[in-house]
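Notes follow the structure.
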Protein chains: 2
Amino acid sequence: MDTLSALLTPRSVAVIGASADAARIGGRPIAYMKELGFQGRILPVNPKRDEIQGLPAFASIAAMPEVPDVAIIAVPAAAAGPAVQELAQRGVKAAIMFSAGFAEMGDDGEAAQARLVADAQAHGMRLLGPNCLGLFNARTGFYGTFTSSLERGSPKPGPIGIASQSGAYGMHVFGLARDFGLGLSCVVTTGNEADLNVGHMIGWMAQDPDTEVIAAYAEGIRDADSFLAALELARKNRKPVVLMKVGRSAVGSAAARSHTASIAGDDAVTDAVLAEFGVVRARTTEEMLDIARLATRKIYPAGNTLGVLTISGGAGVLISDAAEAAGLPMPQMPEPAQQKLREALPFCAPQNPVDCTAQALNDLSLVGTFAKALVEEGGYSSILSFFTHAGGAASVAPRLRSELAAVRAAHPDRLFVLSVLADPPLVRQFEEDGFTVFEDPSRAVAAIEAMGRYGDSFARVAPPAPPALPAFTLPATTPSEAEAKRILAEAGIPAAPEAACPTVEAAVAAAEKIGFPVVLKILSPDILHKSEIGGVLLNVSDAAAVRDGFSLLLQRAKSAAPAARIEGVLVAKQLSGGVECILGVHRDPVFGPVAMFGLGGIFVEILKDVSFRRCPFDEAEAEEMIRSIKGAPLLLGARGRPPADIDALKKMLSRLSVFAAQAGPRLAGIDLNPVFAMPQGQGAFAADAVIDIAEGDA
Amino acid sequence: MDTLSALLTPRSVAVIGASADAARIGGRPIAYMKELGFQGRILPVNPKRDEIQGLPAFASIAAMPEVPDVAIIAVPAAAAGPAVQELAQRGVKAAIMFSAGFAEMGDDGEAAQARLVADAQAHGMRLLGPNCLGLFNARTGFYGTFTSSLERGSPKPGPIGIASQSGAYGMHVFGLARDFGLGLSCVVTTGNEADLNVGHMIGWMAQDPDTEVIAAYAEGIRDADSFLAALELARKNRKPVVLMKVGRSAVGSAAARSHTASIAGDDAVTDAVLAEFGVVRARTTEEMLDIARLATRKIYPAGNTLGVLTISGGAGVLISDAAEAAGLPMPQMPEPAQQKLREALPFCAPQNPVDCTAQALNDLSLVGTFAKALVEEGGYSSILSFFTHAGGAASVAPRLRSELAAVRAAHPDRLFVLSVLADPPLVRQFEEDGFTVFEDPSRAVAAIEAMGRYGDSFARVAPPAPPALPAFTLPATTPSEAEAKRILAEAGIPAAPEAACPTVEAAVAAAEKIGFPVVLKILSPDILHKSEIGGVLLNVSDAAAVRDGFSLLLQRAKSAAPAARIEGVLVAKQLSGGVECILGVHRDPVFGPVAMFGLGGIFVEILKDVSFRRCPFDEAEAEEMIRSIKGAPLLLGARGRPPADIDALKKMLSRLSVFAAQAGPRLAGIDLNPVFAMPQGQGAFAADAVIDIAEGDA
């Protein structure tokens with residue numbers, strides 16, 4: 001049995017600090033396992049007792065007659081360290097540490113926690129926690145947790161796995177899931193994540209045959225590699241992941257740091273990475289559970305479309321609004337189908353939403369006719385039917401069920417959702433017929449939209465790795481603009497025609513060769529942000545102006561930065577008629593190099609209208625990034641402009657991403673600002689370039 | 001008794017088309033009233049029976065022994081017209097028309113519906129419907145409805161009134177409200193709104209002592225006057241209105257039109273008008289009911305702030321994210337209070353969210369200490385406490401209740417919300433203690449934020465009416481640009497210095513007087529969009545260029561619009577250094593003249609970054625409009641720009657709104673595009689102006 005399976009589906013468990021009192025931390029797991037039918041062996045360890053809750057107890061870890069698959073550590077922090085050592089030495093595969101008083105308590109705790117991990121790793125033992133509420137497996141009855149949330153009811157076994165960094169919040173989600181009647185495979189809380197983290201748990205669930213849907217909560221991503229590998233495995237195995245990643249807000253982010261010392265990361269970057277792996281990010285617990293519940297139908301339509309059948313025009317409008325807001329398309333019914341429905345019921349509204357009006361309640365065969373038309377002629381992959389309290393009325397429900405169930409049964413590939421108000425037994429019957437029931441149609445729409453995102457992600461063929469660049473070496477320190485442009489040009493990232501000119505004569509000659517007007521910029525490896533010292537002159541229109549400008553720039557540089565090494569002046573073609581863009585790369589603390597694309601000036605600085613993507617990526621993905629910003633129409637030819645050279649731009653962006661990925665961790669960032677995207681066929685050129693090298697890391 | 005009170009709280013009711021069968025449309029209202037204890041008199045009218053459901057029946061309207069307050073019309077469309085006539089003639093104050101087959105059926109139905117209204121109005125009778133599900137009053141037991149939604153349970157009397165244009169959707173909301181245990185005053189559905197509409201119902205509820213909170217649903221606003229008067233009355237009487245106004249989306253809007261032939265109006269304009277009256281617009285049914293439920297506490301804090309007490313750091317982060325997204329401030333606790341809490345509990349996180357950790361469950365007096373500190377030292381107007389399942393645990397709940405209840409009782413002005421998972425009896429106890437309980441903390445945050453919006457609106461002093469302009473007369477037809485600018489200048493809306501020049505000599509002289517560079521524009525009352533025909537020349541820099549430009553513009557105008565009257569060329573100062581804005585007015589079909597403000601170019605056309613407001617409004621509100629757009633930092637001095645002359649801009653915008661309001665319905669629209677907002681102290685000037693006069697309406 002592999003280590004994580006030993007942790008999540010153990011055949012035997014030791015409880016270090018076992019208590020005879022079922023209400024205490026060391027007593028609860030034993031009580032739960034006895035009550036809820038754990039079939040494996042429980043080994044209570046307590047130096048003062050021979051028997052605990054009816055089970056033989058052992059005085060020490062050494063005294064245990066066998067090596068259990070997993071151990072629960074329910075002793076105070078001071079005793080936890082020795083327990084970890086002994087367990088690891090006996091060959092236990094994994095320990096669940098309830099004990100608090102480690103990294104969450106400051107530097108001393110942090111150091112003690114690091115020792116725990118070192119001691120465990122020395123013998124190959126993995127740790128869950130410390131400072132966690134533990135985990136349980138609803139299928140095997142393994143309850144390695146002291147959560148009091150089980151007091152109000154035990155879980156129903158089923159296909160949803162929950163992984164949460166926060167113990168209290170994870171058990172809150174469990175409590176809601178139980179109250180909603182959702183079936184669970186396992187619930188894991190990871191606490192301080194000294195060793196195992198939420199990513200590991202997602203990864204285990206992604207290969208667990210009993211888990212079909214994964215719901216997770218994280219404040220920060222501690223280890224991008226295991227996290228992303230887990231997401232990719234889940235995607236490959238067609239298991240939807242719905243994630244609540246909190247810490248979006250400034251307050252939230254500060255609170256997250258004080259909580260389990262998480263690295264929050266940049267939220268927009270996180271969004272981009274999650275989208276890349278088809279993870280749906282839930283904003284609320286309710287949304288998380290709605291999505292998980294609908295996902296248990298295992299119907300994930302790529303290219304999802306919504307057909308709506310309603311007995312209320314008002315609800316139809318409301319649902320249409322919700323679908324548009326969610327980005328879920330509602331194409332119209334084909335005209336012949338509309339005609340047929342109008343013949344069946346003269347005052348229906350057959351476009352989509354399809355309003356069969358309350359008339360259909362007087363002749364329920366119409367419901368079958370309409371539902372069949374939506375599926376077979378409308379061809380929608382998802383069908384939402386709104387019958388409100390009428391669907392729950394005794395006079396309507398039995399026939400309604402049979403009409404709908406017949407259509408449902410004939411089309412097992414479609415996602416069918418009902419919005420009805422009905423008593424629980426009737427709701428269960430609808431659910432058994434294959435309908436997922438939501439009281440609130442807006443919540444239904446949000447969940448249906450998510451199923452389409454899973455479908456698209458599962459259907460997506462991983463894009464080919466973009467071609468690598470010839471090997472290159474970064475300079476030892478941040479290079480000058482000219483050097484930066486030369487390095488990038490070799491990587492296929494072109495700058496505007498320009499020349500580095502050490503003398504005024506060279507500058508005049510270069511300007512005449514490039515053609516007026518030109519731009520003059522001070523050339524110094526020590527001055528990164530030239531415009532701040534007045535180091536850039538635009539629209540320099542003749543040789544005399546080049547001469548004047550050259551000396552002006554040297555003067556300004558001397559007075560602003562007397563110690564700076566001045567290498568002369570850069571003479572560059574003044575680009576006009578293009579659209580100003582920004583291309584950049586920064587090193588995200590979690591996900592490594594991340595590329596950014598945006599339009600110049602206010603678009604980036606005031607409107608934050610930018611897109612992000614992990615490096616490297618190919619041109620198709622670069623084009624998606626470019627098209628996804630709100631200001632994209634400016635590049636595509638809005639307001640009578642010529643369309644910009646998107647082909648050149650996407651090539652530049654993809655190359656930049658490959659460059660950043662190959663450059664390694666010494667590359668702190670790259671700024672190409674502005675880049676001029678010229679009219680179609682005329683290329684895209686960086687007018688300025690900064691390559692920022694992290695010093696002291698070489 | 002006034003007419004609407006006769007409709008909603010009648011002492012006697014006639015049922016035209018009364019049926020002995022309690023399942024039929026004409027039988028249900030009688031059955032419901034008998035079952036649910038209506039104390040007034042019921043007069044069944046049926047030509048074929050002496051007795052209906054145990055009540056004496058009358059053969060005709062004429063045969064009724066008294067004139068009832070209200071009549072229910074439950075006969076087919078063909079018989080409904082004569083019934084309306086007879087009832088009106090007998091002096092009945094109001095009729096509830098279930099009958100369908102009117103405006104929703106096309107032109108013939110529309111005409112028949114208009115006749116109903118005329119016949120009723122001739123005798124002062126008001127109509128609800130036709131094609132509506134009627135209404136009920138849960139306090140008096142008056143059930144003028146045939147909805148089947150009452151089969152699953154009757155309403156609990158209480159303070160929430162529901163008004164809905166859609167019958168099925170209105171009753172869906174009622175069904176959910178009942179299932180959630182919310183107390184209702186009355187539920188009204190307005191159907192085709194031939195006469196009475198949702199606005200009238202909101203207005204009645206705004207003065208009804210039994211209704212404290214108003215929840216409404218509308219697809220379109222049929223009559224702005226009654227609707228806005230109702231909203232203002234509700235605001236004055238401190239009754240919160242939560243409105244679901246659907247038809248935001250293109251599909252939704254089309255569906256709304258096919259439903260009850262509503263005028264959807266422009267959604268952004270609707271948003272602006274609702275904000276003006278402090279109405280909170282709900283996006284989902286659930287949100288509508290969450291807000292209504294919390295509003296029944298009648299605590300509406302102006303300048304709302306949120307303090308969060310949590311036993312879970314994770315939940316604290318999640319709540320912070322939700323608060324930031326909702327725009328609900330969470331200021332930090334004062335430093336001395338933080339210090340005190342750290343002394344009480346060393347490893348708490350006392351900023352806000354205030355995390356008292358699960359430790360507080362071991363010593364529940366800490367909960368009281370922390371809650372008291374939040375209220376008294378934090379001074380938050382709203383407190384959200386997250387105790388999840390621990391708050392529902394038998395070992396915790398009693399002491400938790402008493403700790404929290406003591407703080408709650410000492411501060412009746414604060415809004416207290418609890419997020420716990422508990423069984424219904426315990427939830428009821430918390431509710432009785434004065435806490436509103438939400439399982440989902442995100443939903444709690446959204447509802448708390450809404451209470452603050454009500455508070456701000458109730459506290460707002462209606463702004464003074466902006467000063468009127470001297471009386472003016474619009475020209476008979478759309479004026480030329482120069483004439484438009486002259487008219488606006490008289491209203492205090494300045495244009496850039498310019499002169500209308502019939503001859504080339506006049507143009508040269510004007511340009512020399514204004515100062516170069518200038519702008520030249522073709523001058524013709526028949527050419528509205530000059531730039532489309534190349535009728536604008538920028539940066540004209542000397543006298544020779546003015547001469548060339550003059551003839552070029554005349555040539556272009558002749559070739560593009562041979563029939564246009566050409567009055568010469570407009571010579572205007574070329575403004576530079578200002579920020580380009582757009583000020584405009586259009587006539588909204590529902591709300592009349594509405595002003596728009598935005599930044600020029602792509603901001604309006606691609607990013608739709610604009611704000612709207614009904615005309616007229618004063619300068620303070622104009623400034624709010626200006627500051628509310630996303631691009632506002634550009635005007636306020638972002639990126640090293642000089643701040644623009646906001647004083648001049650807001651004056652211009654307010655004057656424009658007054659001009660539009662005084663101009664009357666012949667004014668179809670005004671476009672000032674661009675307006676240059678010059679640096680502070682240098683004014684704002686329209687560089688172009690179009691006044692669009694509606695023809696044929698004079």
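Residue numbering restarts at 1 for every chain of the structure tokens, chains are lettered A, B, ... in their displayed order, and ligands are numbered from 1 as they appear.
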Would you mind listing what lies within 10 Å of range 345-349 of chain B as a PyMOL selection string, with only C-alpha atoms counted and same-chain residues fewer than 5 positions away left out?
(chain A and resi 101+104-106+255+258-259) or (chain B and resi 310-311+313+338-340+354-360+366+370)
Determine, counting only C-alpha atoms, which protein, DNA and RNA residues have an atom within 10 Å of an atom of Leu537 in chain A; residues of the same chain fewer than 2 positions away are not included. Present the result as a list of chain:residue names.
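Skipping anything fewer than 2 positions along the chain leaves A:Val518, A:Val519, A:Leu520, A:Lys521, A:Ile522, A:Ser531, A:Gly534, A:Gly535, A:Asn539, A:Val540, A:Val546, A:Gly549, A:Phe550, A:Leu552, A:Leu553, A:Val571.
Our summary of the geometry notes that CA of Pro130 in chain B is positioned 25.2 Å from CA of Ala177 in chain B.
Between Ala444 in chain A and the residues B:Glu376, B:Glu512, B:Asp588, B:Glu286, the shortest atom-to-atom distance, using only C-alpha atoms, involves B:Glu286.
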Straight-line distance linking CA of Ala94 in chain A with CA of Ala112 in chain A, stated in Å to one decimal:
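Interatomic distance here is 18.4 Å.
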Within 8 Å of Gly158 in chain B, counting only C-alpha atoms, which residues show up once you throw out same-chain ones fewer than 4 positions away? Write them as a list in words, please.
Ala138, Arg139, Leu182, Gly183, Leu184, Ser185, Asp210 and Thr211 of chain B
Same residues, C-alpha atoms, saved as a CSV table (one decimal), in the first residue's frame:
chain,number,residue,atom,x,y,z
B,138,ALA,CA,-51.9,36.8,5.1
B,139,ARG,CA,-53.1,39.0,8.0
B,182,LEU,CA,-40.6,34.2,6.6
B,183,GLY,CA,-43.6,36.2,7.8
B,184,LEU,CA,-45.6,37.8,5.0
B,185,SER,CA,-48.1,40.7,5.0
B,210,ASP,CA,-48.5,45.9,8.4
B,211,THR,CA,-45.7,45.9,5.8
Spatial neighbours of Thr145 in chain A, 8 Å, only C-alpha atoms, chain gap at least 3 places, as a ChimeraX atom specification
/A:28-29,133-136
Could you pull the residues within 8 Å of range 457-472 of chain B, counting only C-alpha atoms, minus those fewer than 3 positions along the same chain, as a PyMOL selection string?
chain B and resi 235-236+238+277-278+302+453-454+491+616-619+654+658-659+662-663
Write the residues of the preceding selection, restricted to C-alpha atoms, as a PDB file, in the first residue's frame.
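Once everything was written out, this is part.pdb:
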ATOM      1  CA  ARG B 235     -37.712  55.636   1.441  1.00  0.00           C
ATOM      2  CA  LYS B 236     -39.423  58.363   3.447  1.00  0.00           C
ATOM      3  CA  ARG B 238     -37.926  53.816   6.081  1.00  0.00           C
ATOM      4  CA  PHE B 277     -33.962  55.789  -4.471  1.00  0.00           C
ATOM      5  CA  GLY B 278     -31.947  53.410  -2.320  1.00  0.00           C
ATOM      6  CA  ALA B 302     -25.746  54.438   7.606  1.00  0.00           C
ATOM      7  CA  ARG B 453     -27.292  50.842   1.565  1.00  0.00           C
ATOM      8  CA  TYR B 454     -30.768  51.239   3.041  1.00  0.00           C
ATOM      9  CA  ALA B 491     -27.671  77.810 -20.491  1.00  0.00           C
ATOM     10  CA  PRO B 616     -32.167  67.243 -13.499  1.00  0.00           C
ATOM     11  CA  PHE B 617     -29.555  67.010 -10.749  1.00  0.00           C
ATOM     12  CA  ASP B 618     -27.277  69.372  -8.870  1.00  0.00           C
ATOM     13  CA  GLU B 619     -23.513  69.767  -9.010  1.00  0.00           C
ATOM     14  CA  SER B 654     -25.555  69.699 -13.910  1.00  0.00           C
ATOM     15  CA  VAL B 658     -31.380  71.066 -16.052  1.00  0.00           C
ATOM     16  CA  PHE B 659     -31.501  72.121 -19.682  1.00  0.00           C
ATOM     17  CA  GLN B 662     -36.699  71.929 -18.942  1.00  0.00           C
ATOM     18  CA  ALA B 663     -36.554  71.292 -22.683  1.00  0.00           C
TER      19      ALA B 663
END
Could you tell me how far CA of Gly598 in chain B lies from CA of Leu634 in chain A, in Å and to one decimal?
17.9 Å
Would you mind listing, for every residue of chain B within 7 Å of chain A, the two atoms forming the shortest contact and the distance between them in Å to one decimal, using only C-alpha atoms, sorted by chain and ascending residue number, as CSV?
residue,atom,partner,partner_atom,distance
B:Met105,CA,A:Phe347,CA,7.0
B:Ser148,CA,A:Ala390,CA,6.9
B:Ser149,CA,A:His389,CA,5.6
B:Ser166,CA,A:Gly314,CA,5.4
B:Ala168,CA,A:Ser312,CA,5.4
B:Tyr169,CA,A:Ala315,CA,5.9
B:His172,CA,A:Thr388,CA,5.8
B:Val246,CA,A:Leu318,CA,5.5
B:Gly247,CA,A:Val317,CA,5.9
B:Arg248,CA,A:Asp321,CA,5.7
B:Ser249,CA,A:Asp321,CA,4.9
B:Val251,CA,A:Ser320,CA,5.9
B:Gly252,CA,A:Val317,CA,4.4
B:Ala255,CA,A:Val317,CA,5.7
B:Ala256,CA,A:Val317,CA,5.9
B:His259,CA,A:Gly313,CA,5.5
B:Thr284,CA,A:Ser442,CA,6.0
B:Thr285,CA,A:Asp440,CA,6.7
B:Glu286,CA,A:Asp440,CA,6.8
B:Ser312,CA,A:Ala168,CA,5.5
B:Gly313,CA,A:His259,CA,5.5
B:Gly314,CA,A:Ser166,CA,5.4
B:Ala315,CA,A:Tyr169,CA,5.9
B:Val317,CA,A:Gly252,CA,4.4
B:Leu318,CA,A:Val246,CA,5.5
B:Ser320,CA,A:Gly252,CA,4.8
B:Asp321,CA,A:Ser249,CA,4.9
B:Glu324,CA,A:Ser249,CA,6.1
B:Phe347,CA,A:Met105,CA,6.9
B:Thr388,CA,A:His172,CA,5.8
B:His389,CA,A:Ser149,CA,5.6
B:Ala390,CA,A:Ser148,CA,6.9
B:Asp440,CA,A:Thr285,CA,6.7
B:Ser442,CA,A:Thr284,CA,6.0
B:Ile606,CA,A:Gly631,CA,6.7
B:Leu607,CA,A:Lys630,CA,6.9
B:Lys630,CA,A:Leu607,CA,6.9
B:Gly631,CA,A:Ile606,CA,6.7
If you run DSSP on the backbone, which residues of range 256-372 of chain A are strand (DSSP E), as a list in words?
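Restricting range 256-372 of chain A to strand (DSSP E) produces Val280, Arg281, Leu306, Gly307, Val308, Leu309, Thr310, Val354 and Asp355 of chain A.
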Would you please extract all alpha helix (DSSP H) residues from range 198-237 of chain B, as assigned by DSSP on the backbone, and give them as a list of chain:residue names?
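Put together, the selection reads B:Val198, B:Gly199, B:His200, B:Met201, B:Ile202, B:Gly203, B:Trp204, B:Met205, B:Ala206, B:Gln207, B:Ala224, B:Asp225, B:Ser226, B:Phe227, B:Leu228, B:Ala229, B:Ala230, B:Leu231, B:Glu232, B:Leu233, B:Ala234, B:Arg235, B:Lys236.
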When you look at Gly664 in chain B with a cut-off of 12 Å (counting only C-alpha atoms), what residues show up, excluding the ones that are within fewer than 3 positions of it in the same chain? I need them as an mmCIF file with C-alpha atoms, in the first residue's frame.
data_model
loop_
_atom_site.group_PDB
_atom_site.id
_atom_site.type_symbol
_atom_site.label_atom_id
_atom_site.label_comp_id
_atom_site.auth_asym_id
_atom_site.auth_seq_id
_atom_site.Cartn_x
_atom_site.Cartn_y
_atom_site.Cartn_z
ATOM 1 C CA ALA B 471 -37.107 80.015 -19.953
ATOM 2 C CA PHE B 472 -35.978 79.049 -23.463
ATOM 3 C CA THR B 473 -37.551 77.661 -26.587
ATOM 4 C CA LEU B 474 -36.085 74.806 -28.542
ATOM 5 C CA HIS B 586 -30.934 60.718 -24.203
ATOM 6 C CA ARG B 587 -34.616 60.277 -23.632
ATOM 7 C CA GLY B 592 -37.366 60.483 -19.608
ATOM 8 C CA PRO B 593 -34.199 62.529 -20.053
ATOM 9 C CA CYS B 615 -32.283 64.787 -15.177
ATOM 10 C CA PRO B 616 -32.167 67.243 -13.499
ATOM 11 C CA SER B 657 -29.283 68.009 -16.928
ATOM 12 C CA VAL B 658 -31.380 71.066 -16.052
ATOM 13 C CA PHE B 659 -31.501 72.121 -19.682
ATOM 14 C CA ALA B 660 -32.659 68.631 -20.720
ATOM 15 C CA ALA B 661 -35.330 68.486 -18.031
ATOM 16 C CA LEU B 667 -35.624 67.106 -27.030
ATOM 17 C CA ALA B 668 -34.569 63.697 -28.313
ATOM 18 C CA GLY B 669 -30.962 63.986 -27.205
ATOM 19 C CA ILE B 693 -34.936 67.604 -31.917
ATOM 20 C CA ALA B 694 -37.687 65.011 -32.296
ATOM 21 C CA ASP B 697 -43.975 65.942 -32.142
ATOM 22 C CA ALA B 698 -44.171 69.728 -31.916
#
Residue contacts of range 6-21 of chain B (8 Å, only C-alpha atoms) excluding same-chain residues fewer than 2 positions away, as an MDAnalysis selection string
chainID B and resid 1:4 23:28 30 39:46 52:53 61 68:75 83 93:95 135:137 140 142 186
